[in-house]
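Coordinates from upload-v4.txt are shown below (compact mmCIF, C-alpha atoms).
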```
# COMPACT_ATOMS: atom_id res chain seq x y z
CA MET A 1 -25.25 -10.19 9.05
CA ALA A 2 -22.21 -10.61 6.81
CA LYS A 3 -22.94 -11.23 3.16
CA ASP A 4 -22.09 -14.61 1.66
CA TYR A 5 -19.41 -14.27 -1.02
CA THR A 6 -18.91 -17.99 -1.61
CA GLN A 7 -20.17 -18.08 -5.18
CA LEU A 8 -18.56 -14.76 -6.10
CA SER A 9 -15.19 -15.94 -4.83
CA LYS A 10 -15.40 -19.18 -6.81
CA ASP A 11 -16.45 -17.36 -9.99
CA ILE A 12 -13.63 -14.83 -9.66
CA VAL A 13 -10.97 -17.52 -9.36
CA ALA A 14 -12.52 -19.48 -12.21
CA TYR A 15 -12.40 -16.48 -14.53
CA VAL A 16 -8.79 -15.62 -13.68
CA GLY A 17 -7.83 -19.05 -14.98
CA GLY A 18 -8.31 -21.22 -11.91
CA THR A 19 -6.07 -21.74 -8.90
CA GLU A 20 -3.41 -23.31 -11.10
CA ASN A 21 -3.02 -19.99 -12.95
CA VAL A 22 -2.67 -17.91 -9.77
CA ILE A 23 0.81 -17.22 -8.41
CA SER A 24 -0.28 -15.01 -5.52
CA LEU A 25 -3.18 -12.92 -4.25
CA PHE A 26 -3.49 -10.01 -1.86
CA HIS A 27 -5.80 -7.04 -1.56
CA CYS A 28 -5.47 -3.31 -1.04
CA ALA A 29 -8.22 -0.89 0.01
CA THR A 30 -10.61 -1.81 -2.81
CA ARG A 31 -9.01 -4.37 -5.12
CA LEU A 32 -8.12 -8.02 -5.33
CA ARG A 33 -4.65 -8.13 -6.87
CA PHE A 34 -3.87 -11.38 -8.66
CA LYS A 35 -0.46 -12.27 -9.94
CA VAL A 36 -1.03 -14.87 -12.65
CA LYS A 37 1.14 -17.17 -14.75
CA ASP A 38 -0.65 -16.51 -18.03
CA SER A 39 -2.80 -13.39 -18.41
CA ALA A 40 -4.23 -14.82 -21.66
CA LYS A 41 -6.18 -17.35 -19.58
CA VAL A 42 -8.00 -14.58 -17.72
CA ASP A 43 -11.57 -14.07 -18.98
CA LYS A 44 -11.78 -10.33 -18.33
CA GLU A 45 -15.13 -9.89 -20.07
CA ASN A 46 -17.04 -12.41 -17.96
CA LEU A 47 -15.08 -11.46 -14.86
CA SER A 48 -16.10 -7.81 -15.20
CA GLN A 49 -19.76 -8.83 -15.59
CA LEU A 50 -19.95 -10.61 -12.24
CA ALA A 51 -22.34 -9.05 -9.72
CA GLY A 52 -20.07 -7.56 -7.11
CA VAL A 53 -17.20 -6.79 -9.47
CA ILE A 54 -16.91 -3.14 -10.43
CA LYS A 55 -14.11 -3.31 -12.97
CA VAL A 56 -11.18 -5.46 -14.07
CA LEU A 57 -7.80 -3.98 -14.90
CA GLU A 58 -4.44 -5.35 -15.93
CA SER A 59 -1.86 -3.01 -14.49
CA GLY A 60 1.51 -3.22 -12.80
CA GLY A 61 1.87 -6.84 -13.90
CA GLN A 62 -1.29 -7.76 -11.99
CA ILE A 63 -4.90 -8.62 -12.69
CA GLN A 64 -6.74 -6.14 -10.48
CA VAL A 65 -10.37 -6.90 -9.66
CA VAL A 66 -12.02 -3.79 -8.23
CA ILE A 67 -14.48 -4.87 -5.52
CA GLY A 68 -15.04 -1.92 -3.20
CA ASN A 69 -15.07 -1.45 0.57
CA HIS A 70 -15.79 -5.13 1.29
CA VAL A 71 -12.75 -6.40 -0.60
CA ALA A 72 -11.27 -7.96 2.58
CA ASP A 73 -14.37 -10.14 3.00
CA VAL A 74 -14.25 -11.26 -0.63
CA CYS A 75 -10.52 -11.98 -0.38
CA GLU A 76 -11.09 -14.11 2.72
CA ALA A 77 -13.87 -15.97 0.89
CA VAL A 78 -11.49 -16.68 -1.98
CA PHE A 79 -8.98 -18.31 0.35
CA GLN A 80 -11.66 -20.30 2.18
CA ASN A 81 -13.61 -21.55 -0.83
CA THR A 82 -11.09 -22.12 -3.61
CA GLY A 83 -8.11 -23.82 -1.99
CA LEU A 84 -5.84 -20.94 -2.96
CA GLN A 85 -2.91 -20.60 -0.57
CA ARG A 86 -2.48 -17.33 1.30
CA ASN A 87 1.27 -17.23 0.84
CA ALA A 88 1.47 -18.75 -2.61
CA SER A 89 5.05 -18.96 -3.75
CA ALA A 90 6.24 -17.03 -6.76
CA ASP A 91 8.85 -19.69 -7.56
CA THR A 92 6.66 -21.04 -10.33
CA GLU A 93 6.45 -17.68 -12.01
CA ASP A 94 7.38 -17.64 -15.66
CA THR A 95 10.79 -16.33 -16.63
CA GLU A 96 9.67 -14.04 -19.40
CA SER A 97 11.12 -10.56 -19.27
CA LYS A 98 8.80 -8.05 -17.67
CA ASN A 99 8.18 -4.42 -18.17
CA LEU A 100 10.33 -2.49 -15.69
CA LEU A 101 7.42 -0.25 -14.70
CA HIS A 102 5.19 -3.26 -14.04
CA THR A 103 7.88 -4.84 -11.87
CA LEU A 104 8.34 -1.61 -9.93
CA MET A 105 4.61 -1.13 -9.36
CA ASP A 106 4.16 -4.76 -8.37
CA THR A 107 7.00 -4.51 -5.86
CA ILE A 108 5.83 -1.23 -4.32
CA SER A 109 2.20 -2.32 -4.04
CA GLY A 110 3.22 -5.69 -2.60
CA ILE A 111 5.25 -3.98 0.12
CA PHE A 112 2.93 -1.10 1.06
CA ALA A 113 -0.58 -2.48 0.47
CA PRO A 114 -0.61 -4.91 3.45
CA ILE A 115 0.18 -2.13 5.96
CA LEU A 116 -2.12 0.48 4.41
CA GLY A 117 -4.91 -0.20 6.91
CA ALA A 118 -2.65 0.22 9.94
CA MET A 119 -1.12 3.41 8.55
CA SER A 120 -4.53 4.87 7.70
CA GLY A 121 -5.95 4.04 11.11
CA ALA A 122 -2.93 5.52 12.89
CA GLY A 123 -3.10 8.65 10.75
CA MET A 124 -6.79 9.14 11.49
CA LEU A 125 -6.13 8.63 15.20
CA LYS A 126 -3.49 11.35 15.05
CA ALA A 127 -6.02 13.67 13.44
CA VAL A 128 -8.57 12.90 16.18
CA LEU A 129 -5.96 13.66 18.85
CA ILE A 130 -5.16 16.99 17.21
CA LEU A 131 -8.85 17.92 17.35
CA LEU A 132 -9.16 16.81 20.98
CA THR A 133 -6.15 18.87 22.05
CA THR A 134 -7.24 21.87 19.96
CA PHE A 135 -10.56 21.97 21.79
CA HIS A 136 -8.78 21.27 25.11
CA LEU A 137 -10.65 18.03 25.68
CA LEU A 138 -7.27 16.36 26.18
CA GLU A 139 -3.86 17.72 27.13
CA PRO A 140 -0.49 16.28 26.00
CA GLU A 141 0.48 15.68 29.64
CA MET A 142 -2.52 13.43 30.30
CA GLY A 143 -2.05 9.68 30.42
CA THR A 144 -5.01 9.12 28.10
CA TYR A 145 -3.43 11.30 25.43
CA ARG A 146 0.00 9.69 25.79
CA ILE A 147 -1.37 6.17 25.44
CA LEU A 148 -3.48 7.05 22.40
CA TYR A 149 -0.58 8.97 20.86
CA ALA A 150 1.64 5.91 21.33
CA ALA A 151 -0.95 3.90 19.39
CA ALA A 152 -0.99 6.52 16.62
CA ASP A 153 2.71 7.32 16.41
CA GLY A 154 4.08 3.84 17.05
CA VAL A 155 3.16 2.71 13.55
CA PHE A 156 5.29 5.42 12.00
CA SER A 157 8.13 5.34 14.52
CA PHE A 158 8.63 1.62 13.94
CA LEU A 159 7.59 1.63 10.30
CA PRO A 160 10.84 -0.09 9.21
CA ILE A 161 9.82 -3.21 11.17
CA MET A 162 6.46 -3.40 9.39
CA LEU A 163 8.09 -2.78 6.03
CA ALA A 164 10.68 -5.45 6.79
CA LEU A 165 7.89 -8.01 7.17
CA THR A 166 6.10 -7.12 3.93
CA ALA A 167 9.38 -6.73 2.01
CA ALA A 168 10.52 -10.14 3.25
CA ASN A 169 7.28 -11.68 1.99
CA LYS A 170 7.77 -9.96 -1.34
CA PHE A 171 11.46 -10.83 -1.77
CA LYS A 172 11.10 -14.33 -0.24
CA ALA A 173 13.41 -13.70 2.71
CA ASN A 174 13.08 -14.99 6.27
CA SER A 175 10.44 -12.72 7.84
CA TYR A 176 11.79 -12.93 11.38
CA VAL A 177 15.38 -12.26 10.38
CA ALA A 178 14.14 -9.32 8.32
CA MET A 179 12.30 -7.86 11.32
CA ALA A 180 15.43 -8.41 13.43
CA VAL A 181 17.40 -6.33 10.94
CA ALA A 182 14.80 -3.56 11.14
CA ALA A 183 14.76 -3.73 14.95
CA ALA A 184 18.50 -3.10 14.96
CA LEU A 185 17.99 0.06 12.91
CA VAL A 186 15.51 1.54 15.39
CA TYR A 187 17.19 0.13 18.51
CA PRO A 188 16.97 2.77 21.30
CA ASP A 189 20.75 2.94 21.87
CA ILE A 190 21.41 3.59 18.18
CA SER A 191 18.63 6.18 17.98
CA ALA A 192 20.02 7.90 21.08
CA ALA A 193 23.51 7.92 19.57
CA TYR A 194 22.16 9.61 16.44
CA SER A 195 20.23 12.19 18.46
CA ALA A 196 23.30 12.95 20.59
CA GLY A 197 25.53 13.30 17.54
CA GLU A 198 27.90 10.54 18.68
CA SER A 199 30.60 9.15 16.42
CA LEU A 200 30.56 5.36 16.09
CA THR A 201 32.89 2.96 14.35
CA PHE A 202 32.55 -0.65 13.27
CA LEU A 203 35.86 -2.54 13.15
CA LYS A 204 37.49 0.91 13.10
CA ILE A 205 35.40 1.92 10.08
CA PRO A 206 33.51 5.19 10.71
CA VAL A 207 29.73 4.81 10.75
CA VAL A 208 27.60 7.60 9.30
CA LEU A 209 24.55 7.55 11.53
CA VAL A 210 21.22 8.59 10.00
CA SER A 211 17.70 8.55 11.37
CA TYR A 212 16.03 5.23 10.60
CA THR A 213 12.84 6.04 12.48
CA SER A 214 9.98 6.23 9.95
CA SER A 215 12.46 5.55 7.14
CA VAL A 216 11.41 3.61 4.06
CA ILE A 217 14.18 3.18 1.51
CA PRO A 218 17.01 1.75 3.69
CA ILE A 219 15.06 -1.19 5.06
CA ILE A 220 13.58 -2.17 1.69
CA ILE A 221 17.03 -2.27 0.08
CA SER A 222 18.45 -4.13 3.08
CA ILE A 223 15.79 -6.85 2.90
CA TYR A 224 16.34 -7.23 -0.83
CA VAL A 225 20.05 -7.81 -0.18
CA LEU A 226 19.11 -10.16 2.68
CA SER A 227 17.00 -12.27 0.32
CA LYS A 228 19.95 -12.70 -2.04
CA LEU A 229 22.33 -13.52 0.81
CA GLU A 230 19.98 -16.14 2.24
CA LYS A 231 19.69 -17.88 -1.11
CA LEU A 232 23.47 -18.06 -1.32
CA LEU A 233 23.86 -19.32 2.24
CA ASN A 234 21.16 -21.96 1.80
CA LYS A 235 23.14 -23.37 -1.12
CA ILE A 236 26.51 -23.65 0.62
CA ILE A 237 25.63 -24.38 4.27
CA PRO A 238 24.83 -28.00 5.21
CA SER A 239 21.18 -28.66 6.08
CA VAL A 240 22.00 -29.71 9.65
CA LEU A 241 23.44 -26.23 10.33
CA LYS A 242 21.04 -24.04 8.39
CA SER A 243 18.50 -23.40 11.16
CA PHE A 244 20.87 -21.21 13.18
CA THR A 245 23.84 -20.55 10.88
CA VAL A 246 21.90 -18.80 8.12
CA PRO A 247 20.20 -16.31 10.52
CA LEU A 248 23.52 -15.81 12.37
CA VAL A 249 25.49 -14.95 9.25
CA SER A 250 22.60 -12.92 7.80
CA LEU A 251 22.35 -10.68 10.87
CA ALA A 252 26.13 -10.39 11.24
CA VAL A 253 26.44 -9.25 7.62
CA ILE A 254 23.28 -7.29 6.79
CA VAL A 255 23.04 -5.12 9.92
CA PRO A 256 26.61 -3.73 9.68
CA MET A 257 26.25 -3.42 5.90
CA THR A 258 23.11 -1.35 6.38
CA PHE A 259 24.76 0.99 8.90
CA LEU A 260 27.95 1.32 6.85
CA VAL A 261 26.73 1.38 3.25
CA ILE A 262 23.03 0.93 2.52
CA GLY A 263 21.74 3.38 5.11
CA PRO A 264 23.94 6.39 4.29
CA ILE A 265 23.63 5.93 0.52
CA SER A 266 19.86 5.45 0.55
CA ASP A 267 19.48 8.36 2.99
CA THR A 268 21.40 10.61 0.60
CA ALA A 269 19.35 9.35 -2.35
CA GLY A 270 16.15 9.96 -0.41
CA LYS A 271 17.17 13.52 0.40
CA LEU A 272 18.01 14.16 -3.26
CA LEU A 273 14.62 12.76 -4.30
CA ALA A 274 12.79 14.87 -1.74
CA GLY A 275 14.81 17.93 -2.70
CA GLY A 276 14.11 17.39 -6.38
CA TYR A 277 10.38 17.13 -5.83
CA THR A 278 10.36 20.17 -3.54
CA GLY A 279 12.35 22.14 -6.10
CA LEU A 280 9.88 21.21 -8.85
CA VAL A 281 6.92 22.36 -6.76
CA GLY A 282 8.81 25.47 -5.71
CA LEU A 283 9.59 26.33 -9.32
CA ASN A 284 5.93 26.63 -10.25
CA PRO A 285 3.46 25.13 -7.76
CA VAL A 286 0.46 26.10 -9.90
CA ILE A 287 1.62 24.12 -12.93
CA ALA A 288 2.92 21.23 -10.79
CA GLY A 289 -0.38 21.05 -8.92
CA GLY A 290 -2.43 21.26 -12.12
CA ILE A 291 -0.54 18.44 -13.80
CA LEU A 292 -0.66 16.20 -10.73
CA GLY A 293 -4.37 16.89 -10.19
CA LEU A 294 -5.05 16.07 -13.84
CA ILE A 295 -3.29 12.71 -13.86
CA TRP A 296 -4.16 11.61 -10.32
CA PRO A 297 -7.58 10.00 -11.00
CA LEU A 298 -6.09 8.00 -13.87
CA ALA A 299 -3.12 7.01 -11.74
CA VAL A 300 -5.49 5.71 -9.04
CA MET A 301 -7.73 3.91 -11.52
CA PHE A 302 -4.81 2.04 -13.08
CA GLY A 303 -3.09 1.36 -9.78
CA VAL A 304 0.13 3.25 -10.55
CA HIS A 305 -0.41 5.70 -7.68
CA TRP A 306 1.61 3.32 -5.52
CA GLY A 307 4.73 4.74 -7.15
CA PHE A 308 4.12 8.00 -5.27
CA VAL A 309 3.99 6.37 -1.82
CA PRO A 310 7.78 6.13 -1.27
CA ILE A 311 8.12 9.77 -2.32
CA VAL A 312 5.50 10.85 0.21
CA MET A 313 7.02 8.79 3.03
CA ASN A 314 10.45 10.09 2.11
CA ASN A 315 9.22 13.70 2.19
CA ILE A 316 7.74 13.17 5.65
CA GLN A 317 10.96 11.62 6.92
CA ASN A 318 13.19 14.40 5.58
CA PHE A 319 10.98 17.47 6.01
CA GLY A 320 8.39 16.37 8.55
CA ARG A 321 5.66 17.18 6.04
CA ASP A 322 4.48 16.39 2.52
CA THR A 323 2.87 18.47 -0.21
CA LEU A 324 2.32 15.79 -2.85
CA PHE A 325 -0.79 14.31 -1.28
CA VAL A 326 -1.89 17.78 -0.20
CA ILE A 327 -1.98 18.74 -3.88
CA THR A 328 -4.33 15.82 -4.55
CA GLY A 329 -6.64 16.99 -1.75
CA PRO A 330 -8.80 19.29 -3.96
CA ASN A 331 -9.06 16.41 -6.44
CA ASN A 332 -10.31 14.21 -3.62
CA MET A 333 -12.90 16.77 -2.53
CA ALA A 334 -14.05 17.24 -6.15
CA GLN A 335 -14.74 13.52 -6.34
CA ALA A 336 -16.67 13.76 -3.08
CA GLY A 337 -18.76 16.58 -4.59
CA ALA A 338 -19.44 14.59 -7.74
CA THR A 339 -20.43 11.61 -5.60
CA LEU A 340 -22.82 13.82 -3.66
CA GLY A 341 -24.32 14.86 -7.01
CA VAL A 342 -24.90 11.20 -7.88
CA PHE A 343 -26.47 10.70 -4.46
CA LEU A 344 -28.87 13.61 -4.93
CA LYS A 345 -29.86 12.63 -8.48
CA THR A 346 -30.13 8.86 -8.11
CA LYS A 347 -33.81 7.92 -8.42
CA ASN A 348 -33.73 4.17 -7.86
CA ARG A 349 -31.04 3.31 -5.34
CA ASP A 350 -32.23 -0.24 -4.76
CA LYS A 351 -31.19 -1.32 -8.26
CA CYS A 352 -27.73 0.20 -8.06
CA PRO A 353 -25.20 -2.47 -6.99
CA ASN A 354 -22.98 0.18 -5.43
CA PRO A 355 -25.38 2.88 -4.24
CA ALA A 356 -24.09 6.42 -4.33
CA TRP A 357 -25.40 7.27 -0.90
CA HIS A 358 -23.42 4.42 0.64
CA GLN A 359 -20.23 5.42 -1.11
CA TYR A 360 -20.65 9.09 -0.29
CA PHE A 361 -21.24 8.71 3.43
CA ASN A 362 -18.71 5.93 3.90
CA THR A 363 -15.84 7.07 1.70
CA ALA A 364 -16.30 10.66 0.57
CA TRP A 365 -14.14 12.00 3.36
CA ILE A 366 -11.76 9.09 3.73
CA TYR A 367 -8.76 9.84 1.55
CA ARG A 368 -7.40 6.33 1.17
CA GLN A 369 -10.62 5.00 -0.39
CA ARG A 370 -11.07 7.58 -3.13
CA ILE A 371 -10.99 4.70 -5.63
CA CYS A 372 -14.45 3.69 -4.39
CA ARG A 373 -15.84 7.00 -5.56
CA ILE A 374 -14.06 6.88 -8.90
CA PHE A 375 -15.33 3.44 -9.81
CA ASN A 376 -18.49 2.88 -7.80
CA CYS A 377 -20.16 6.23 -8.35
CA LEU A 378 -18.47 8.18 -11.07
CA CYS A 379 -17.36 5.65 -13.68
CA SER A 380 -20.26 3.30 -13.08
CA CYS A 381 -22.91 5.98 -13.49
CA LEU A 382 -21.31 8.27 -16.03
CA PHE A 383 -20.54 5.39 -18.36
CA ARG A 384 -23.91 3.66 -17.86
CA ARG A 385 -22.54 0.60 -16.07
CA CYS A 386 -25.19 0.51 -13.38
CA SER A 387 -28.99 0.58 -13.31
CA CYS A 388 -29.58 3.41 -10.87
CA HIS A 389 -31.56 5.36 -13.53
CA LEU A 390 -29.88 8.72 -13.27
CA PRO A 391 -31.36 11.63 -15.23
CA VAL A 392 -30.24 11.76 -18.87
CA TRP A 393 -28.24 14.94 -18.35
CA LEU A 394 -26.14 13.30 -15.61
CA GLN A 395 -25.76 10.00 -17.44
```

I'd like the structure from this file rewritten - as structure tokens, please.
Amino acid sequence: MAKDYTQLSKDIVAYVGGTENVISLFHCATRLRFKVKDSAKVDKENLSQLAGVIKVLESGGQIQVVIGNHVADVCEAVFQNTGLQRNASADTEDTESKNLLHTLMDTISGIFAPILGAMSGAGMLKAVLILLTTFHLLEPEMGTYRILYAAADGVFSFLPIMLALTAANKFKANSYVAMAVAAALVYPDISAAYSAGESLTFLKIPVVLVSYTSSVIPIIISIYVLSKLEKLLNKIIPSVLKSFTVPLVSLAVIVPMTFLVIGPISDTAGKLLAGGYTGLVGLNPVIAGGILGLIWPLAVMFGVHWGFVPIVMNNIQNFGRDTLFVITGPNNMAQAGATLGVFLKTKNRDKCPNPAWHQYFNTAWIYRQRICRIFNCLCSCLFRRCSCHLPVWLQ
């Protein structure tokens, strides 16, 4: 039976300053991420003391309430019980200047967090298929394999369409026009032209074709430009014509602009970024790995690890592989080992609000939910924030 989070959801919203103080809300793998008008109205002390709340952070321009694996249920309860709108507009946001880093983190997390579940599920399905083919339980020629592989690979092949939707929500553009722009980038005829090395022109202007399948940077920039263009068009086009004229002009302008300018430039920038990272690791992988492993838990705890996501996706697009998240793998396994230690040494699991055994068996081997281990088991127990009565030497 699902747990009732009615009271918890009401208390959380009350302590973040009420619905009138909330600009928007979404959740990632473990956190409720509130964007608020006035952070001074947030009662962090009482909020962090709520049963069911692990920790409260202010990072990336957001109030982040760490909940755990059941964050989706709590988020749904917030929308159902508080009157908070799912797609709250950011138009009422204050105009105070913001820290550039906070703006960047807020933008990246707002774009990538909603599709994290689909990407994680598809990635795990790919891993399962690799195991099945390795042990010859399935063969690539089999229909079963091809259908399951389509489910796993489709997310990444058409990633620009998913990113177009989340970017449109973030930049306040028309979601359907945004997805239409992305669909043009991965249109089969265009993809075939790129694969065949064809030379295309647009109004006699040469088009530099690049691979948009699984790309990240081009579509995000395109949707940002689309949002600005739509605002301009909505101001100058009469209301009676807006319903079809704005999408018409938007598509006729943004799609060619992406193929002619945005795509090639962002593709070059992405390759430079990937090359720079690869060069840094190649220069001294031991030092690079040590530094990244040292800062990674802190980056995850404060929510700034989202800044690495575009780099990882860009590496995969350009090289077909990534080493950045591979470097964090030993860190992930170390946390799993520490969590197992908490599991073995916990004497009274009934009094622990986030029992170590639950976190170990449910998240120890799932990469995307490493934050559960950091907060639920490690921070909570090592800093005496739970009542699981660990031995003195471990506390």

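Of note, CA of Met162 (chain A) and CA of Tyr145 (chain A) are spaced 23.9 Å apart.
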
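The protein and nucleic acid residues lying at most 10 Å from region 9-14 of chain A are Glu20, Asn21, Val22, Leu32, Phe34, Lys41, Val42, Asp43, Lys44, Asn46, Leu47, Ser48, Leu50, Gly52, Val53, Val65, Asp73, Val74, Cys75, Glu76, Ala77, Val78, Phe79, Gln80, Asn81, Thr82, Gly83 and Leu84 of chain A, with only C-alpha atoms considered and sequence neighbours fewer than 6 positions away removed.
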
Which residues, written as an MDAnalysis selection string, have at least one atom at most 7 Å from region 280-297 of chain A, with only C-alpha atoms counted and residues fewer than 5 positions away on the same chain left out?
chainID A and resid 327:328 331

Can you sort out the box for region 175-180 of chain A, edges along x, y and z, all listed atoms in, 4 Å on every side, with centre and edge lengths in Å to one decimal, as JSON?
```
{"center_x": 12.9, "center_y": -10.4, "center_z": 10.6, "size_x": 13.0, "size_y": 13.1, "size_z": 13.6}
```

May I have the residues within 12 Å of Thr268 (chain A) as a PDB file with C-alpha atoms, in the coordinates of the input, using only C-alpha atoms and disregarding those fewer than 2 positions away in the same chain?
```
ATOM      1  CA  VAL A 208      27.600   7.600   9.300  1.00  0.00           C
ATOM      2  CA  LEU A 209      24.550   7.550  11.530  1.00  0.00           C
ATOM      3  CA  VAL A 210      21.220   8.590  10.000  1.00  0.00           C
ATOM      4  CA  SER A 211      17.700   8.550  11.370  1.00  0.00           C
ATOM      5  CA  ILE A 217      14.180   3.180   1.510  1.00  0.00           C
ATOM      6  CA  PRO A 218      17.010   1.750   3.690  1.00  0.00           C
ATOM      7  CA  VAL A 261      26.730   1.380   3.250  1.00  0.00           C
ATOM      8  CA  ILE A 262      23.030   0.930   2.520  1.00  0.00           C
ATOM      9  CA  GLY A 263      21.740   3.380   5.110  1.00  0.00           C
ATOM     10  CA  PRO A 264      23.940   6.390   4.290  1.00  0.00           C
ATOM     11  CA  ILE A 265      23.630   5.930   0.520  1.00  0.00           C
ATOM     12  CA  SER A 266      19.860   5.450   0.550  1.00  0.00           C
ATOM     13  CA  GLY A 270      16.150   9.960  -0.410  1.00  0.00           C
ATOM     14  CA  LYS A 271      17.170  13.520   0.400  1.00  0.00           C
ATOM     15  CA  LEU A 272      18.010  14.160  -3.260  1.00  0.00           C
ATOM     16  CA  LEU A 273      14.620  12.760  -4.300  1.00  0.00           C
ATOM     17  CA  ALA A 274      12.790  14.870  -1.740  1.00  0.00           C
ATOM     18  CA  GLY A 275      14.810  17.930  -2.700  1.00  0.00           C
ATOM     19  CA  ASN A 314      10.450  10.090   2.110  1.00  0.00           C
ATOM     20  CA  ASN A 318      13.190  14.400   5.580  1.00  0.00           C
TER      21      ASN A 318
END
```

Quick one: residues within 10 Å of Ala152 (chain A), all atoms listed in the file, excluding same-chain residues fewer than 2 positions away - as a VMD selection string?
chain A and resid 118 to 129 146 to 150 154 to 157

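The two atoms in question, CA of Leu248 (chain A) and CA of Asn174 (chain A), are spaced 12.1 Å apart.
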
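Our summary of the geometry notes that CA of Ile254 (chain A) is positioned 28.3 Å from CA of Phe26 (chain A).
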
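Between Leu251 (chain A) and the candidates A:Leu104, A:Ala183, A:Ile221, A:Leu232, the tightest atom-to-atom separation, counting only C-alpha atoms, involves A:Ala183.
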
Quick one: everything within 10 Å of Phe171 (chain A), counting all atoms listed in the file, minus sequence neighbours fewer than 4 positions away in the same chain. Send it as a PyMOL selection string.
chain A and resi 90+107+110-111+166-167+175+220+223-228
